[in-house]
Amino acid sequence: ICHVLEPPDIVSYMLYQGVFYCGSLLLFTLIIEIMKKICFFLAMALVGLFVTTSCSNEFEPDTMDKSSRLDESSRGVLRDLLMLQPYNNTEEFHITTFPDGLPGQGYPVGWWGWTMAHRRNHQLSFGYWTNSGYKQRAETAIKFDLSRLRAGDVIKKATLRLYSIPTPVEAHYGTANTGSNNAFYISRITNAWTSSSTGVYPVVETTGRVLVPHTSQGSLNVTVDVTAMVKRMITNGNYGFLFRFQDGKPYTSRYFCNSGYPDPSMRPSLTIEFN
């Protein structure tokens, strides 16, 4: 038995089919878009979880110390990179000495004293000058925490970076570098010196020390290979570095940013590559 649709019935049937298929297509498109957004948010959540897990609780919040493992698969080498760039380093000292004393202010011959360098106008400064006609020598001692290195770690390279301070507060002639010979040594301190004018002055060794050459530029950043000294620090004790001029000519100075400088990227840093 065949039922013949009359014209009105045909129109209704076609409208019903059209609405059904269009609705199904829209629903399918909506489901696809929802699935895309769900996948996107899941991927972002996984990335955030990975980054948080990798970085959480590894470093102190007030430092910029960083460490990472770099896989150089092309050479089959697995190495570690440790970057030490602490904020307000309490092992950073400005040491002042009066070799001939300063009678007018009661300082005896050979007197010396210190201040924490990060409290001195954001400056890590040292030099030779005069005070009331008497020689005044300023040196800098700085120590980085090497406790993250483990027994058996092999030091491949250690690099110390110092950044000239753009606007020196106390600098003579308004520049960070002055003097006819402002070359200076970076040496390893060999003793547990005490930060006191009645204590033990830092003693340095000449083995492995590095001479930073003279510069006539008013501002100059310094990058120094200190691998030999860091190796000695690990095996013979870490008492830090001492910055001292090559000669004692007056009116010589170098000014760098210290660990309290507002721009974290310009604070003194020690980068160690090891495996």
# chains A, B, ... in the order shown; residues from 1 in each chain; ligands from 1
>>> residues_around(residues="segment 131-148 of chain A", least_positions_apart="3", cutoff="7 Å", atoms="only C-alpha atoms", output="VMD selection string")
chain A and resid 84 91 to 100 102 125 to 128 239 to 244
>>> closest_atom_pairs(of="segment 252-275 of chain A", to="segment 220-234 of chain A", cutoff="12 Å", atoms="only C-alpha atoms", output="Markdown table")
| residue | atom | partner | partner_atom | distance |
| --- | --- | --- | --- | --- |
| A:Arg254 | CA | A:Leu220 | CA | 9.6 |
| A:Tyr255 | CA | A:Leu220 | CA | 9.6 |
| A:Phe256 | CA | A:Asn221 | CA | 8.1 |
| A:Cys257 | CA | A:Asn221 | CA | 9.8 |
| A:Met266 | CA | A:Asn221 | CA | 9.4 |
| A:Arg267 | CA | A:Asn221 | CA | 11.2 |
| A:Pro268 | CA | A:Val222 | CA | 10.0 |
| A:Ser269 | CA | A:Thr223 | CA | 9.7 |
| A:Leu270 | CA | A:Val226 | CA | 9.0 |
| A:Thr271 | CA | A:Val226 | CA | 9.7 |
| A:Ile272 | CA | A:Thr227 | CA | 8.2 |
| A:Glu273 | CA | A:Thr227 | CA | 9.4 |
| A:Phe274 | CA | A:Thr227 | CA | 10.5 |
>>> write_last_selection(atoms="all heavy atoms", output="compact mmCIF listing (two decimals), in the first residue's frame")
# COMPACT_ATOMS: atom_id res chain seq x y z
N ARG A 254 87.99 51.56 40.81
CA ARG A 254 87.07 50.81 39.94
C ARG A 254 85.76 50.67 40.72
O ARG A 254 85.77 50.34 41.90
CB ARG A 254 87.62 49.42 39.60
CG ARG A 254 88.94 49.40 38.84
CD ARG A 254 88.81 49.78 37.37
NE ARG A 254 88.22 48.77 36.54
CZ ARG A 254 88.90 48.00 35.69
NH1 ARG A 254 90.21 48.09 35.61
NH2 ARG A 254 88.28 47.14 34.91
N TYR A 255 84.63 50.92 40.04
CA TYR A 255 83.32 50.85 40.66
C TYR A 255 82.43 49.89 39.87
O TYR A 255 82.21 50.09 38.67
CB TYR A 255 82.66 52.22 40.71
CG TYR A 255 83.24 53.16 41.75
CD1 TYR A 255 84.44 53.83 41.50
CD2 TYR A 255 82.60 53.36 42.96
CE1 TYR A 255 84.98 54.68 42.45
CE2 TYR A 255 83.13 54.22 43.92
CZ TYR A 255 84.32 54.87 43.65
OH TYR A 255 84.86 55.72 44.59
N PHE A 256 81.93 48.87 40.56
CA PHE A 256 81.02 47.91 39.95
C PHE A 256 79.70 47.88 40.73
O PHE A 256 79.62 48.40 41.86
CB PHE A 256 81.64 46.51 39.94
CG PHE A 256 82.89 46.40 39.12
CD1 PHE A 256 84.15 46.44 39.72
CD2 PHE A 256 82.83 46.26 37.75
CE1 PHE A 256 85.31 46.35 38.98
CE2 PHE A 256 83.99 46.16 36.98
CZ PHE A 256 85.23 46.21 37.60
N CYS A 257 78.70 47.29 40.14
CA CYS A 257 77.42 47.09 40.84
C CYS A 257 77.61 46.01 41.90
O CYS A 257 78.29 45.00 41.64
CB CYS A 257 76.33 46.67 39.88
SG CYS A 257 76.02 47.85 38.54
N MET A 266 72.61 42.88 36.78
CA MET A 266 73.90 43.56 36.86
C MET A 266 74.61 43.30 38.18
O MET A 266 75.64 43.92 38.47
CB MET A 266 73.72 45.07 36.64
CG MET A 266 73.21 45.41 35.24
SD MET A 266 73.10 47.20 34.95
CE MET A 266 74.83 47.66 34.93
N ARG A 267 74.10 42.41 38.99
CA ARG A 267 74.77 42.05 40.23
C ARG A 267 75.92 41.08 39.94
O ARG A 267 75.88 40.36 38.94
CB ARG A 267 73.77 41.42 41.20
CG ARG A 267 72.67 42.36 41.64
CD ARG A 267 71.55 41.65 42.35
NE ARG A 267 70.42 42.57 42.58
CZ ARG A 267 69.19 42.17 42.84
NH1 ARG A 267 68.90 40.88 42.92
NH2 ARG A 267 68.22 43.06 43.04
N PRO A 268 76.95 41.04 40.79
CA PRO A 268 78.06 40.10 40.55
C PRO A 268 77.54 38.67 40.44
O PRO A 268 76.67 38.25 41.22
CB PRO A 268 78.93 40.29 41.80
CG PRO A 268 78.59 41.64 42.32
CD PRO A 268 77.14 41.84 42.00
N SER A 269 78.10 37.93 39.50
CA SER A 269 77.65 36.55 39.32
C SER A 269 78.82 35.61 39.11
O SER A 269 79.86 36.01 38.59
CB SER A 269 76.68 36.46 38.12
OG SER A 269 77.37 36.65 36.90
N LEU A 270 78.62 34.37 39.53
CA LEU A 270 79.60 33.32 39.31
C LEU A 270 78.87 32.16 38.65
O LEU A 270 77.94 31.58 39.23
CB LEU A 270 80.22 32.87 40.63
CG LEU A 270 81.24 31.73 40.55
CD1 LEU A 270 82.47 32.16 39.75
CD2 LEU A 270 81.66 31.27 41.95
N THR A 271 79.28 31.83 37.43
CA THR A 271 78.67 30.73 36.68
C THR A 271 79.65 29.57 36.62
O THR A 271 80.79 29.75 36.19
CB THR A 271 78.28 31.18 35.27
OG1 THR A 271 77.42 32.31 35.35
CG2 THR A 271 77.56 30.05 34.53
N ILE A 272 79.18 28.39 37.04
CA ILE A 272 80.05 27.21 37.10
C ILE A 272 79.48 26.10 36.22
O ILE A 272 78.33 25.70 36.38
CB ILE A 272 80.20 26.71 38.55
CG1 ILE A 272 80.73 27.84 39.44
CG2 ILE A 272 81.13 25.49 38.60
CD1 ILE A 272 80.76 27.48 40.91
N GLU A 273 80.30 25.62 35.31
CA GLU A 273 79.93 24.49 34.46
C GLU A 273 80.65 23.26 34.97
O GLU A 273 81.87 23.26 35.16
CB GLU A 273 80.31 24.77 33.01
CG GLU A 273 79.96 23.66 32.04
CD GLU A 273 80.45 23.96 30.63
OE1 GLU A 273 80.56 25.15 30.28
OE2 GLU A 273 80.74 22.98 29.90
N PHE A 274 79.90 22.21 35.24
CA PHE A 274 80.51 21.00 35.79
C PHE A 274 79.73 19.76 35.36
O PHE A 274 78.63 19.84 34.84
CB PHE A 274 80.56 21.08 37.34
CG PHE A 274 79.19 21.16 37.98
CD1 PHE A 274 78.59 20.03 38.51
CD2 PHE A 274 78.51 22.37 38.06
CE1 PHE A 274 77.34 20.10 39.10
CE2 PHE A 274 77.25 22.44 38.65
CZ PHE A 274 76.69 21.30 39.17
>>> closest_residue(among="A:Val204, A:Ala151, A:Cys39, A:Leu82", to="Ser187 of chain A", atoms="only C-alpha atoms")
A:Val204
>>> atom_distance(atom1="atom CA of Asn182 of chain A", atom2="atom CA of His214 of chain A")
4.9 Å
>>> residues_around(residues="Ser259 of chain A", least_positions_apart="6", cutoff="7 Å", atoms="only C-alpha atoms", output="JSON list (two decimals) with N, CA and C atoms, in the first residue's frame")
[["chain", "number", "residue", "atom", "x", "y", "z"],
["A", 86, "PRO", "N", 73.55, 36.07, 44.06],
["A", 86, "PRO", "CA", 72.71, 36.35, 45.24],
["A", 86, "PRO", "C", 72.35, 37.82, 45.40],
["A", 87, "TYR", "N", 71.22, 38.04, 46.06],
["A", 87, "TYR", "CA", 70.77, 39.39, 46.37],
["A", 87, "TYR", "C", 71.20, 39.75, 47.79],
["A", 88, "ASN", "N", 71.78, 40.95, 47.97],
["A", 88, "ASN", "CA", 72.26, 41.40, 49.27],
["A", 88, "ASN", "C", 73.15, 40.34, 49.94],
["A", 89, "ASN", "N", 74.19, 39.97, 49.22],
["A", 89, "ASN", "CA", 75.13, 38.96, 49.69],
["A", 89, "ASN", "C", 75.82, 39.44, 50.98],
["A", 118, "HIS", "N", 77.08, 45.55, 50.11],
["A", 118, "HIS", "CA", 75.77, 45.76, 49.51],
["A", 118, "HIS", "C", 75.02, 46.93, 50.14],
["A", 267, "ARG", "N", 74.10, 42.41, 38.99],
["A", 267, "ARG", "CA", 74.77, 42.05, 40.23],
["A", 267, "ARG", "C", 75.92, 41.08, 39.94],
["A", 268, "PRO", "N", 76.95, 41.04, 40.79],
["A", 268, "PRO", "CA", 78.06, 40.10, 40.55],
["A", 268, "PRO", "C", 77.54, 38.67, 40.44]]
